[in-house]
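Student: protein.pdb is reproduced below (PDB, C-alpha atoms and all ligand atoms).
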```
ATOM      1  CA  MET A 247     -39.761  -5.993 127.208  1.00  0.00           C
ATOM      2  CA  THR A 248     -41.790  -9.156 127.806  1.00  0.00           C
ATOM      3  CA  ILE A 249     -44.551  -8.688 130.349  1.00  0.00           C
ATOM      4  CA  VAL A 250     -45.149 -12.161 131.705  1.00  0.00           C
ATOM      5  CA  LEU A 251     -48.257 -13.291 133.548  1.00  0.00           C
ATOM      6  CA  VAL A 252     -47.883 -16.234 135.900  1.00  0.00           C
ATOM      7  CA  GLY A 253     -50.240 -17.946 138.321  1.00  0.00           C
ATOM      8  CA  PHE A 254     -52.317 -21.048 138.933  1.00  0.00           C
ATOM      9  CA  MET A 255     -54.829 -22.464 136.447  1.00  0.00           C
ATOM     10  CA  GLY A 256     -57.893 -20.256 136.336  1.00  0.00           C
ATOM     11  CA  ALA A 257     -56.157 -17.181 137.768  1.00  0.00           C
ATOM     12  CA  GLY A 258     -57.018 -15.310 134.571  1.00  0.00           C
ATOM     13  CA  LYS A 259     -53.646 -15.108 132.810  1.00  0.00           C
ATOM     14  CA  THR A 260     -55.156 -15.588 129.351  1.00  0.00           C
ATOM     15  CA  THR A 261     -58.186 -13.376 129.975  1.00  0.00           C
ATOM     16  CA  ILE A 262     -56.325 -10.506 131.672  1.00  0.00           C
ATOM     17  CA  GLY A 263     -53.304 -10.881 129.382  1.00  0.00           C
ATOM     18  CA  LYS A 264     -55.408 -10.274 126.258  1.00  0.00           C
ATOM     19  CA  ARG A 265     -56.906  -7.128 127.720  1.00  0.00           C
ATOM     20  CA  LEU A 266     -53.551  -5.856 129.024  1.00  0.00           C
ATOM     21  CA  ALA A 267     -51.977  -6.332 125.602  1.00  0.00           C
ATOM     22  CA  GLN A 268     -54.764  -4.306 123.989  1.00  0.00           C
ATOM     23  CA  VAL A 269     -54.297  -1.469 126.468  1.00  0.00           C
ATOM     24  CA  LEU A 270     -50.513  -1.488 126.031  1.00  0.00           C
ATOM     25  CA  ASP A 271     -50.850  -1.925 122.269  1.00  0.00           C
ATOM     26  CA  LYS A 272     -48.470  -4.891 122.350  1.00  0.00           C
ATOM     27  CA  PRO A 273     -48.863  -8.325 120.764  1.00  0.00           C
ATOM     28  CA  PHE A 274     -50.416 -10.972 122.999  1.00  0.00           C
ATOM     29  CA  ILE A 275     -48.946 -14.473 123.212  1.00  0.00           C
ATOM     30  CA  ASP A 276     -50.536 -17.306 125.141  1.00  0.00           C
ATOM     31  CA  LEU A 277     -47.872 -19.927 125.796  1.00  0.00           C
ATOM     32  CA  ASP A 278     -50.397 -22.798 125.791  1.00  0.00           C
ATOM     33  CA  SER A 279     -51.842 -21.665 122.444  1.00  0.00           C
ATOM     34  CA  TYR A 280     -48.338 -21.130 121.051  1.00  0.00           C
ATOM     35  CA  ILE A 281     -47.486 -24.747 121.906  1.00  0.00           C
ATOM     36  CA  VAL A 282     -50.729 -26.072 120.421  1.00  0.00           C
ATOM     37  CA  GLU A 283     -50.203 -24.114 117.205  1.00  0.00           C
ATOM     38  CA  LYS A 284     -46.605 -25.302 116.791  1.00  0.00           C
ATOM     39  CA  ASP A 285     -47.244 -28.904 117.765  1.00  0.00           C
ATOM     40  CA  GLY A 286     -50.555 -29.372 116.007  1.00  0.00           C
ATOM     41  CA  ARG A 287     -52.068 -31.264 118.932  1.00  0.00           C
ATOM     42  CA  SER A 288     -54.087 -30.058 121.909  1.00  0.00           C
ATOM     43  CA  ILE A 289     -52.424 -29.966 125.334  1.00  0.00           C
ATOM     44  CA  ALA A 290     -54.707 -32.766 126.494  1.00  0.00           C
ATOM     45  CA  GLU A 291     -53.534 -34.877 123.520  1.00  0.00           C
ATOM     46  CA  ILE A 292     -49.852 -34.180 124.218  1.00  0.00           C
ATOM     47  CA  PHE A 293     -50.324 -35.194 127.868  1.00  0.00           C
ATOM     48  CA  LYS A 294     -52.210 -38.341 126.844  1.00  0.00           C
ATOM     49  CA  THR A 295     -49.873 -39.572 124.130  1.00  0.00           C
ATOM     50  CA  GLU A 296     -46.470 -38.349 125.336  1.00  0.00           C
ATOM     51  CA  GLY A 297     -46.899 -37.646 129.036  1.00  0.00           C
ATOM     52  CA  GLN A 298     -46.476 -34.548 131.121  1.00  0.00           C
ATOM     53  CA  GLU A 299     -42.661 -34.705 131.069  1.00  0.00           C
ATOM     54  CA  LYS A 300     -42.570 -34.323 127.288  1.00  0.00           C
ATOM     55  CA  PHE A 301     -45.059 -31.449 127.524  1.00  0.00           C
ATOM     56  CA  ARG A 302     -42.726 -29.731 130.021  1.00  0.00           C
ATOM     57  CA  GLN A 303     -39.804 -30.090 127.568  1.00  0.00           C
ATOM     58  CA  ILE A 304     -41.879 -28.533 124.789  1.00  0.00           C
ATOM     59  CA  GLU A 305     -42.892 -25.779 127.219  1.00  0.00           C
ATOM     60  CA  VAL A 306     -39.227 -24.932 128.006  1.00  0.00           C
ATOM     61  CA  CYS A 307     -38.465 -24.424 124.281  1.00  0.00           C
ATOM     62  CA  ALA A 308     -41.620 -22.380 123.769  1.00  0.00           C
ATOM     63  CA  LEU A 309     -40.868 -20.139 126.760  1.00  0.00           C
ATOM     64  CA  LYS A 310     -37.324 -19.567 125.492  1.00  0.00           C
ATOM     65  CA  GLU A 311     -38.705 -18.424 122.130  1.00  0.00           C
ATOM     66  CA  CYS A 312     -41.417 -16.206 123.586  1.00  0.00           C
ATOM     67  CA  LEU A 313     -39.287 -14.491 126.235  1.00  0.00           C
ATOM     68  CA  SER A 314     -37.401 -12.640 123.530  1.00  0.00           C
ATOM     69  CA  GLN A 315     -40.592 -10.958 122.282  1.00  0.00           C
ATOM     70  CA  ASP A 316     -41.757  -7.444 123.057  1.00  0.00           C
ATOM     71  CA  ALA A 317     -45.194  -8.680 124.065  1.00  0.00           C
ATOM     72  CA  VAL A 318     -47.579  -9.646 126.838  1.00  0.00           C
ATOM     73  CA  LEU A 319     -47.043 -13.345 127.515  1.00  0.00           C
ATOM     74  CA  ALA A 320     -49.587 -15.440 129.421  1.00  0.00           C
ATOM     75  CA  THR A 321     -47.873 -18.604 130.654  1.00  0.00           C
ATOM     76  CA  GLY A 322     -49.439 -21.940 131.574  1.00  0.00           C
ATOM     77  CA  GLY A 323     -50.142 -22.575 135.248  1.00  0.00           C
ATOM     78  CA  GLY A 324     -47.433 -25.216 135.485  1.00  0.00           C
ATOM     79  CA  VAL A 325     -44.620 -23.224 133.895  1.00  0.00           C
ATOM     80  CA  ILE A 326     -42.916 -22.985 137.299  1.00  0.00           C
ATOM     81  CA  GLU A 327     -42.745 -26.799 137.564  1.00  0.00           C
ATOM     82  CA  THR A 328     -39.479 -26.724 135.577  1.00  0.00           C
ATOM     83  CA  PRO A 329     -36.309 -25.301 137.187  1.00  0.00           C
ATOM     84  CA  GLU A 330     -35.030 -24.100 133.803  1.00  0.00           C
ATOM     85  CA  ASN A 331     -38.168 -21.990 133.387  1.00  0.00           C
ATOM     86  CA  ILE A 332     -37.790 -20.508 136.866  1.00  0.00           C
ATOM     87  CA  HIS A 333     -34.236 -19.578 135.961  1.00  0.00           C
ATOM     88  CA  MET A 334     -35.334 -17.915 132.696  1.00  0.00           C
ATOM     89  CA  LEU A 335     -38.186 -16.093 134.404  1.00  0.00           C
ATOM     90  CA  LYS A 336     -35.900 -14.779 137.137  1.00  0.00           C
ATOM     91  CA  MET A 337     -33.944 -13.011 134.388  1.00  0.00           C
ATOM     92  CA  ASN A 338     -37.128 -11.339 133.143  1.00  0.00           C
ATOM     93  CA  GLN A 339     -37.910  -7.960 134.683  1.00  0.00           C
ATOM     94  CA  VAL A 340     -41.713  -8.012 134.792  1.00  0.00           C
ATOM     95  CA  ASN A 341     -43.457 -11.179 135.952  1.00  0.00           C
ATOM     96  CA  ILE A 342     -46.953 -10.495 137.223  1.00  0.00           C
ATOM     97  CA  TRP A 343     -48.455 -13.078 139.550  1.00  0.00           C
ATOM     98  CA  LEU A 344     -52.228 -13.289 139.273  1.00  0.00           C
ATOM     99  CA  ASP A 345     -53.721 -14.935 142.307  1.00  0.00           C
ATOM    100  CA  THR A 346     -57.032 -15.539 143.988  1.00  0.00           C
ATOM    101  CA  ASP A 347     -58.331 -17.954 146.596  1.00  0.00           C
ATOM    102  CA  ILE A 348     -58.306 -21.633 145.837  1.00  0.00           C
ATOM    103  CA  GLN A 349     -62.092 -22.020 146.057  1.00  0.00           C
ATOM    104  CA  GLU A 350     -62.545 -19.423 143.302  1.00  0.00           C
ATOM    105  CA  LEU A 351     -59.754 -20.983 141.203  1.00  0.00           C
ATOM    106  CA  TYR A 352     -61.345 -24.403 141.563  1.00  0.00           C
ATOM    107  CA  SER A 353     -64.756 -23.155 140.492  1.00  0.00           C
ATOM    108  CA  ARG A 354     -63.213 -21.542 137.384  1.00  0.00           C
ATOM    109  CA  ILE A 355     -61.359 -24.653 136.204  1.00  0.00           C
ATOM    110  CA  THR A 356     -63.530 -27.539 137.299  1.00  0.00           C
ATOM    111  CA  ASP A 357     -65.395 -29.374 134.513  1.00  0.00           C
ATOM    112  CA  ASP A 358     -63.003 -28.083 131.857  1.00  0.00           C
ATOM    113  CA  GLU A 359     -61.483 -31.017 129.986  1.00  0.00           C
ATOM    114  CA  SER A 360     -58.793 -28.899 128.341  1.00  0.00           C
ATOM    115  CA  ARG A 361     -56.669 -28.817 131.533  1.00  0.00           C
ATOM    116  CA  PRO A 362     -55.307 -32.316 132.223  1.00  0.00           C
ATOM    117  CA  ASN A 363     -53.870 -31.297 135.601  1.00  0.00           C
ATOM    118  CA  ALA A 364     -57.304 -30.186 136.785  1.00  0.00           C
ATOM    119  CA  ASN A 365     -59.671 -32.466 134.924  1.00  0.00           C
ATOM    120  CA  GLY A 366     -61.098 -35.174 137.184  1.00  0.00           C
ATOM    121  CA  ARG A 367     -59.202 -33.948 140.253  1.00  0.00           C
ATOM    122  CA  THR A 368     -60.902 -33.365 143.586  1.00  0.00           C
ATOM    123  CA  PHE A 369     -60.867 -30.007 145.340  1.00  0.00           C
ATOM    124  CA  LEU A 370     -58.280 -31.318 147.817  1.00  0.00           C
ATOM    125  CA  GLN A 371     -55.976 -32.522 145.048  1.00  0.00           C
ATOM    126  CA  ILE A 372     -56.164 -29.143 143.302  1.00  0.00           C
ATOM    127  CA  LYS A 373     -55.555 -27.356 146.600  1.00  0.00           C
ATOM    128  CA  GLU A 374     -52.492 -29.502 147.245  1.00  0.00           C
ATOM    129  CA  LEU A 375     -51.095 -28.685 143.804  1.00  0.00           C
ATOM    130  CA  TYR A 376     -51.777 -24.985 144.396  1.00  0.00           C
ATOM    131  CA  ASN A 377     -50.047 -25.059 147.812  1.00  0.00           C
ATOM    132  CA  ARG A 378     -47.007 -26.715 146.272  1.00  0.00           C
ATOM    133  CA  ARG A 379     -46.749 -24.044 143.579  1.00  0.00           C
ATOM    134  CA  VAL A 380     -47.432 -20.831 145.499  1.00  0.00           C
ATOM    135  CA  SER A 381     -43.865 -20.239 146.698  1.00  0.00           C
ATOM    136  CA  ARG A 382     -42.577 -20.618 143.131  1.00  0.00           C
ATOM    137  CA  TYR A 383     -44.904 -17.969 141.702  1.00  0.00           C
ATOM    138  CA  ASN A 384     -43.936 -15.730 144.610  1.00  0.00           C
ATOM    139  CA  GLU A 385     -40.234 -16.348 144.025  1.00  0.00           C
ATOM    140  CA  ILE A 386     -40.301 -14.895 140.512  1.00  0.00           C
ATOM    141  CA  ALA A 387     -42.989 -12.237 140.924  1.00  0.00           C
ATOM    142  CA  PHE A 388     -42.414  -8.536 140.348  1.00  0.00           C
ATOM    143  CA  MET A 389     -45.934  -7.912 141.701  1.00  0.00           C
ATOM    144  CA  GLN A 390     -48.950  -9.882 142.898  1.00  0.00           C
ATOM    145  CA  VAL A 391     -52.417  -8.992 141.643  1.00  0.00           C
ATOM    146  CA  ASP A 392     -55.668 -10.087 143.264  1.00  0.00           C
ATOM    147  CA  SER A 393     -57.473 -11.553 140.273  1.00  0.00           C
ATOM    148  CA  SER A 394     -60.734 -12.201 142.107  1.00  0.00           C
ATOM    149  CA  ARG A 395     -61.610  -8.689 140.924  1.00  0.00           C
ATOM    150  CA  CYS A 396     -62.920  -7.778 137.490  1.00  0.00           C
ATOM    151  CA  VAL A 397     -60.534  -7.806 134.539  1.00  0.00           C
ATOM    152  CA  ASP A 398     -60.490  -4.018 134.128  1.00  0.00           C
ATOM    153  CA  ASP A 399     -59.541  -3.436 137.786  1.00  0.00           C
ATOM    154  CA  CYS A 400     -56.661  -5.903 137.474  1.00  0.00           C
ATOM    155  CA  VAL A 401     -55.442  -4.257 134.268  1.00  0.00           C
ATOM    156  CA  ARG A 402     -55.625  -0.795 135.876  1.00  0.00           C
ATOM    157  CA  GLU A 403     -53.497  -1.926 138.830  1.00  0.00           C
ATOM    158  CA  ILE A 404     -50.922  -3.474 136.489  1.00  0.00           C
ATOM    159  CA  MET A 405     -50.794  -0.325 134.331  1.00  0.00           C
ATOM    160  CA  ASP A 406     -50.164   1.811 137.450  1.00  0.00           C
ATOM    161  CA  SER A 407     -47.256  -0.394 138.488  1.00  0.00           C
ATOM    162  CA  LEU A 408     -45.763  -0.414 135.002  1.00  0.00           C
ATOM    163  CA  ALA A 409     -45.929   3.387 134.923  1.00  0.00           C
ATOM    164  CA  SER A 410     -43.673   3.543 137.984  1.00  0.00           C
ATOM    165  CA  LEU A 411     -40.912   1.455 136.377  1.00  0.00           C
TER     166      LEU A 411
HETATM  167  N1  LIG A 501     -61.126 -11.630 136.789  1.00  0.00           N
HETATM  168  C1  LIG A 501     -61.949 -12.640 136.492  1.00  0.00           C
HETATM  169  N2  LIG A 501     -63.174 -12.669 137.043  1.00  0.00           N
HETATM  170  C2  LIG A 501     -64.017 -13.689 136.772  1.00  0.00           C
HETATM  171  N3  LIG A 501     -63.740 -14.740 135.950  1.00  0.00           N
HETATM  172  C3  LIG A 501     -62.557 -14.760 135.369  1.00  0.00           C
HETATM  173  C4  LIG A 501     -61.587 -13.720 135.608  1.00  0.00           C
HETATM  174  N4  LIG A 501     -60.471 -14.019 134.897  1.00  0.00           N
HETATM  175  C5  LIG A 501     -60.738 -15.178 134.263  1.00  0.00           C
HETATM  176  N5  LIG A 501     -61.977 -15.616 134.538  1.00  0.00           N
HETATM  177  C6  LIG A 501     -62.607 -16.856 134.025  1.00  0.00           C
HETATM  178  O1  LIG A 501     -61.907 -17.966 134.605  1.00  0.00           O
HETATM  179  C7  LIG A 501     -61.680 -18.988 133.630  1.00  0.00           C
HETATM  180  C8  LIG A 501     -60.172 -19.228 133.497  1.00  0.00           C
HETATM  181  O2  LIG A 501     -59.547 -18.049 132.998  1.00  0.00           O
HETATM  182  P1  LIG A 501     -58.223 -18.106 132.123  1.00  0.00           P
HETATM  183  O3  LIG A 501     -58.356 -19.139 131.057  1.00  0.00           O
HETATM  184  O4  LIG A 501     -57.920 -16.717 131.714  1.00  0.00           O
HETATM  185  O5  LIG A 501     -57.183 -18.618 133.214  1.00  0.00           O
HETATM  186  P2  LIG A 501     -55.640 -18.979 133.033  1.00  0.00           P
HETATM  187  O6  LIG A 501     -54.940 -18.371 134.185  1.00  0.00           O
HETATM  188  O7  LIG A 501     -55.178 -18.576 131.678  1.00  0.00           O
HETATM  189  O8  LIG A 501     -55.619 -20.572 133.189  1.00  0.00           O
HETATM  190  P3  LIG A 501     -54.546 -21.670 132.599  1.00  0.00           P
HETATM  191  O9  LIG A 501     -53.351 -21.713 133.503  1.00  0.00           O
HETATM  192  O10 LIG A 501     -55.266 -22.976 132.671  1.00  0.00           O
HETATM  193  O11 LIG A 501     -54.201 -21.270 131.195  1.00  0.00           O
HETATM  194  C9  LIG A 501     -62.327 -18.488 132.334  1.00  0.00           C
HETATM  195  O12 LIG A 501     -63.611 -19.062 132.252  1.00  0.00           O
HETATM  196  C10 LIG A 501     -62.434 -16.987 132.521  1.00  0.00           C
HETATM  197  O13 LIG A 501     -63.523 -16.431 131.831  1.00  0.00           O
HETATM  198  O1  LIG A 502     -51.114 -26.039 135.646  1.00  0.00           O
HETATM  199  C1  LIG A 502     -50.732 -26.864 134.782  1.00  0.00           C
HETATM  200  O2  LIG A 502     -50.028 -27.842 135.056  1.00  0.00           O
HETATM  201  C2  LIG A 502     -51.132 -26.630 133.389  1.00  0.00           C
HETATM  202  C3  LIG A 502     -51.789 -25.464 133.053  1.00  0.00           C
HETATM  203  C4  LIG A 502     -52.216 -25.142 131.689  1.00  0.00           C
HETATM  204  O3  LIG A 502     -52.070 -23.737 131.456  1.00  0.00           O
HETATM  205  C5  LIG A 502     -51.460 -25.950 130.639  1.00  0.00           C
HETATM  206  O4  LIG A 502     -50.146 -25.462 130.466  1.00  0.00           O
HETATM  207  C6  LIG A 502     -51.433 -27.410 131.013  1.00  0.00           C
HETATM  208  O5  LIG A 502     -52.766 -27.859 131.016  1.00  0.00           O
HETATM  209  C7  LIG A 502     -50.783 -27.655 132.377  1.00  0.00           C
HETATM  210 MG    MG A 503     -54.345 -19.622 130.092  1.00  0.00          MG
END
```
Can you turn what I pasted into structure tokens?
Tutor:
Amino acid sequence: MTIVLVGFMGAGKTTIGKRLAQVLDKPFIDLDSYIVEKDGRSIAEIFKTEGQEKFRQIEVCALKECLSQDAVLATGGGVIETPENIHMLKMNQVNIWLDTDIQELYSRITDDESRPNANGRTFLQIKELYNRRVSRYNEIAFMQVDSSRCVDDCVREIMDSLASL
């Protein structure tokens, strides 16, 4: 089973995913890192040289490969931008939506140059992007987790829900 974490940039998919994988004793895959390792360039470089559309194509292939793994998979915040990914994720049983308020998300991602869709954007621009994406995370989510709380609390809630499957 692939336990997939989805949510906006800064929601804690990578951070919580690593911890969840340890607790479940499953491999951890971060889709962004997977892409960087395979491609040999950073995400910022791919966006700069090839554009976001090409990055989204690479992301579709990477998601396809990772969804067959028995692992915890942290996706990138924009994975739901592509209809093909939404379709693939709808087929997956456990998609966990990590979410917190936009002010907190903004403070976690601002000033980080590694995220081209956040870097240099104003609070209002980030909020607009978040508002556009919310319904898509919701559409594929098996559960929603309030990730304003500490990592261990989030992991505990997820473990309780997985136990009831
Ligand atoms: N529960 C939490 N409480 C406080 N800070 C957190 C929490 N989870 C993550 N953070 C911090 O927020 C920042 C972003 O976290 P992380 O990289 O895990 O987000 P992400 O959802 O993987 O983002 P992206 O979509 O860009 O990959 C990091 O600095 C991390 O330490
Ligand atoms: O929200 C987004 O559009 C992105 C989030 C990151 O995880 C990366 O996948 C990339 O920076 C794009
Ligand atoms: Mg991440």
Student: With the PyMOL selection byres (((not hetatm)) within 7 of (chain A and resi 502)) as the selection, what would be picked from this file? Answer as a short mmCIF file (atom, residue, chain, number, x, y, z; two decimals) with C-alpha atoms, keeping the file's coordinate frame, please.
Tutor:
```cif
data_model
loop_
_atom_site.label_atom_id
_atom_site.label_comp_id
_atom_site.auth_asym_id
_atom_site.auth_seq_id
_atom_site.Cartn_x
_atom_site.Cartn_y
_atom_site.Cartn_z
CA PHE A 254 -52.32 -21.05 138.93
CA MET A 255 -54.83 -22.46 136.45
CA ASP A 278 -50.40 -22.80 125.79
CA ILE A 289 -52.42 -29.97 125.33
CA ALA A 290 -54.71 -32.77 126.49
CA THR A 321 -47.87 -18.60 130.65
CA GLY A 322 -49.44 -21.94 131.57
CA GLY A 323 -50.14 -22.58 135.25
CA GLY A 324 -47.43 -25.22 135.49
CA VAL A 325 -44.62 -23.22 133.90
CA SER A 360 -58.79 -28.90 128.34
CA ARG A 361 -56.67 -28.82 131.53
CA PRO A 362 -55.31 -32.32 132.22
CA ASN A 363 -53.87 -31.30 135.60
#
```
Student: Using Å and a single decimal, report how far CA of Thr261 (chain A) sits from atom C10 of ligand LIG 501 (chain A).
Tutor: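 Distance reported for this atom pair: 6.1 Å.
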Student: Restricting the calculation to only C-alpha atoms and all ligand atoms, which member of A:Met337, A:Met405, A:Ala308, A:Leu319 is positioned closest to ligand MG 503 (chain A)?
Tutor: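 Nearest to ligand MG 503 (chain A): A:Leu319.
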Student: I'd like to see the residues matched by the PyMOL selection byres (((chain A and resi 400) around 12) and not hetatm) on this file, and ideally I'd get them as an mmCIF file with C-alpha atoms, in the frame of the given file.
Tutor:
```cif
data_model
loop_
_atom_site.group_PDB
_atom_site.id
_atom_site.type_symbol
_atom_site.label_atom_id
_atom_site.label_comp_id
_atom_site.auth_asym_id
_atom_site.auth_seq_id
_atom_site.Cartn_x
_atom_site.Cartn_y
_atom_site.Cartn_z
ATOM 1 C CA LEU A 251 -48.257 -13.291 133.548
ATOM 2 C CA ALA A 257 -56.157 -17.181 137.768
ATOM 3 C CA GLY A 258 -57.018 -15.310 134.571
ATOM 4 C CA LYS A 259 -53.646 -15.108 132.810
ATOM 5 C CA THR A 261 -58.186 -13.376 129.975
ATOM 6 C CA ILE A 262 -56.325 -10.506 131.672
ATOM 7 C CA GLY A 263 -53.304 -10.881 129.382
ATOM 8 C CA ARG A 265 -56.906 -7.128 127.720
ATOM 9 C CA LEU A 266 -53.551 -5.856 129.024
ATOM 10 C CA ILE A 342 -46.953 -10.495 137.223
ATOM 11 C CA TRP A 343 -48.455 -13.078 139.550
ATOM 12 C CA LEU A 344 -52.228 -13.289 139.273
ATOM 13 C CA ASP A 345 -53.721 -14.935 142.307
ATOM 14 C CA THR A 346 -57.032 -15.539 143.988
ATOM 15 C CA MET A 389 -45.934 -7.912 141.701
ATOM 16 C CA GLN A 390 -48.950 -9.882 142.898
ATOM 17 C CA VAL A 391 -52.417 -8.992 141.643
ATOM 18 C CA ASP A 392 -55.668 -10.087 143.264
ATOM 19 C CA SER A 393 -57.473 -11.553 140.273
ATOM 20 C CA SER A 394 -60.734 -12.201 142.107
ATOM 21 C CA ARG A 395 -61.610 -8.689 140.924
ATOM 22 C CA CYS A 396 -62.920 -7.778 137.490
ATOM 23 C CA VAL A 397 -60.534 -7.806 134.539
ATOM 24 C CA ASP A 398 -60.490 -4.018 134.128
ATOM 25 C CA ASP A 399 -59.541 -3.436 137.786
ATOM 26 C CA VAL A 401 -55.442 -4.257 134.268
ATOM 27 C CA ARG A 402 -55.625 -0.795 135.876
ATOM 28 C CA GLU A 403 -53.497 -1.926 138.830
ATOM 29 C CA ILE A 404 -50.922 -3.474 136.489
ATOM 30 C CA MET A 405 -50.794 -0.325 134.331
ATOM 31 C CA ASP A 406 -50.164 1.811 137.450
ATOM 32 C CA SER A 407 -47.256 -0.394 138.488
#
```
Student: Of the candidates A:Val340, A:Ile275, A:Leu270, A:Met334, which shows the shortest atom-to-atom distance to ligand LIG 501 (chain A), using all atoms listed in the file?
Tutor: A:Ile275
Student: Could you name the residues that touch Lys373 (chain A) at 9 Å or less, counting all atoms listed in the file, but leaving out those on the same chain fewer than 3 positions away, as a short mmCIF file (atom, residue, chain, number, x, y, z; two decimals) with C-alpha atoms, keeping the file's coordinate frame?
Tutor:
```cif
data_model
loop_
_atom_site.label_atom_id
_atom_site.label_comp_id
_atom_site.auth_asym_id
_atom_site.auth_seq_id
_atom_site.Cartn_x
_atom_site.Cartn_y
_atom_site.Cartn_z
CA ILE A 348 -58.31 -21.63 145.84
CA GLN A 349 -62.09 -22.02 146.06
CA TYR A 352 -61.34 -24.40 141.56
CA THR A 368 -60.90 -33.36 143.59
CA PHE A 369 -60.87 -30.01 145.34
CA LEU A 370 -58.28 -31.32 147.82
CA TYR A 376 -51.78 -24.98 144.40
CA ASN A 377 -50.05 -25.06 147.81
CA ARG A 378 -47.01 -26.72 146.27
#
```
Student: How many Å separate CA of Ala267 (chain A) from CA of Glu359 (chain A)?
Tutor: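 Between CA of Ala267 (chain A) and CA of Glu359 (chain A) the gap works out to 26.8 Å.
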Student: So which residues fall inside 8 Å of (-43.7, -9.0, 124.3) if we count all atoms listed in the file? Mind giving them as a list in words?
Tutor: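 Checked against the point, the hits come out as Met247, Thr248, Ile249, Lys272, Pro273, Phe274, Ile275, Cys312, Leu313, Ser314, Gln315, Asp316, Ala317, Val318 and Leu319 of chain A.
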Student: Could N, CA and C atoms be built for region 260-278 of chain A and written out as a PDB file, in the coordinates of the input?
Tutor:
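The result, stored in result_37.pdb:
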```
ATOM      1  N   THR A 260     -54.768 -15.749 130.754  1.00  0.00           N
ATOM      2  CA  THR A 260     -55.156 -15.588 129.351  1.00  0.00           C
ATOM      3  C   THR A 260     -56.140 -14.423 129.199  1.00  0.00           C
ATOM      4  N   THR A 261     -57.129 -14.400 130.066  1.00  0.00           N
ATOM      5  CA  THR A 261     -58.186 -13.376 129.975  1.00  0.00           C
ATOM      6  C   THR A 261     -57.620 -11.971 130.224  1.00  0.00           C
ATOM      7  N   ILE A 262     -56.873 -11.824 131.308  1.00  0.00           N
ATOM      8  CA  ILE A 262     -56.325 -10.506 131.672  1.00  0.00           C
ATOM      9  C   ILE A 262     -55.190 -10.125 130.711  1.00  0.00           C
ATOM     10  N   GLY A 263     -54.413 -11.137 130.307  1.00  0.00           N
ATOM     11  CA  GLY A 263     -53.304 -10.881 129.382  1.00  0.00           C
ATOM     12  C   GLY A 263     -53.773 -10.269 128.065  1.00  0.00           C
ATOM     13  N   LYS A 264     -54.862 -10.789 127.530  1.00  0.00           N
ATOM     14  CA  LYS A 264     -55.408 -10.274 126.258  1.00  0.00           C
ATOM     15  C   LYS A 264     -55.782  -8.808 126.397  1.00  0.00           C
ATOM     16  N   ARG A 265     -56.441  -8.504 127.486  1.00  0.00           N
ATOM     17  CA  ARG A 265     -56.906  -7.128 127.720  1.00  0.00           C
ATOM     18  C   ARG A 265     -55.712  -6.193 127.955  1.00  0.00           C
ATOM     19  N   LEU A 266     -54.745  -6.666 128.734  1.00  0.00           N
ATOM     20  CA  LEU A 266     -53.551  -5.856 129.024  1.00  0.00           C
ATOM     21  C   LEU A 266     -52.795  -5.542 127.729  1.00  0.00           C
ATOM     22  N   ALA A 267     -52.688  -6.522 126.872  1.00  0.00           N
ATOM     23  CA  ALA A 267     -51.977  -6.332 125.602  1.00  0.00           C
ATOM     24  C   ALA A 267     -52.672  -5.280 124.745  1.00  0.00           C
ATOM     25  N   GLN A 268     -53.999  -5.319 124.750  1.00  0.00           N
ATOM     26  CA  GLN A 268     -54.764  -4.306 123.989  1.00  0.00           C
ATOM     27  C   GLN A 268     -54.464  -2.911 124.517  1.00  0.00           C
ATOM     28  N   VAL A 269     -54.503  -2.783 125.841  1.00  0.00           N
ATOM     29  CA  VAL A 269     -54.297  -1.469 126.468  1.00  0.00           C
ATOM     30  C   VAL A 269     -52.871  -0.968 126.217  1.00  0.00           C
ATOM     31  N   LEU A 270     -51.918  -1.873 126.253  1.00  0.00           N
ATOM     32  CA  LEU A 270     -50.513  -1.488 126.031  1.00  0.00           C
ATOM     33  C   LEU A 270     -50.155  -1.403 124.547  1.00  0.00           C
ATOM     34  N   ASP A 271     -51.075  -1.842 123.710  1.00  0.00           N
ATOM     35  CA  ASP A 271     -50.850  -1.925 122.269  1.00  0.00           C
ATOM     36  C   ASP A 271     -49.606  -2.777 121.942  1.00  0.00           C
ATOM     37  N   LYS A 272     -49.547  -3.928 122.599  1.00  0.00           N
ATOM     38  CA  LYS A 272     -48.470  -4.891 122.350  1.00  0.00           C
ATOM     39  C   LYS A 272     -49.101  -6.193 121.853  1.00  0.00           C
ATOM     40  N   PRO A 273     -48.313  -7.014 121.144  1.00  0.00           N
ATOM     41  CA  PRO A 273     -48.863  -8.325 120.764  1.00  0.00           C
ATOM     42  C   PRO A 273     -49.133  -9.168 122.019  1.00  0.00           C
ATOM     43  N   PHE A 274     -50.115 -10.048 121.902  1.00  0.00           N
ATOM     44  CA  PHE A 274     -50.416 -10.972 122.999  1.00  0.00           C
ATOM     45  C   PHE A 274     -50.022 -12.385 122.582  1.00  0.00           C
ATOM     46  N   ILE A 275     -49.289 -13.061 123.459  1.00  0.00           N
ATOM     47  CA  ILE A 275     -48.946 -14.473 123.212  1.00  0.00           C
ATOM     48  C   ILE A 275     -49.438 -15.292 124.402  1.00  0.00           C
ATOM     49  N   ASP A 276     -50.153 -16.357 124.099  1.00  0.00           N
ATOM     50  CA  ASP A 276     -50.536 -17.306 125.141  1.00  0.00           C
ATOM     51  C   ASP A 276     -49.658 -18.544 124.959  1.00  0.00           C
ATOM     52  N   LEU A 277     -48.855 -18.850 125.955  1.00  0.00           N
ATOM     53  CA  LEU A 277     -47.872 -19.927 125.796  1.00  0.00           C
ATOM     54  C   LEU A 277     -48.545 -21.273 125.460  1.00  0.00           C
ATOM     55  N   ASP A 278     -49.679 -21.547 126.090  1.00  0.00           N
ATOM     56  CA  ASP A 278     -50.397 -22.798 125.791  1.00  0.00           C
ATOM     57  C   ASP A 278     -50.837 -22.821 124.318  1.00  0.00           C
TER      58      ASP A 278
END
```
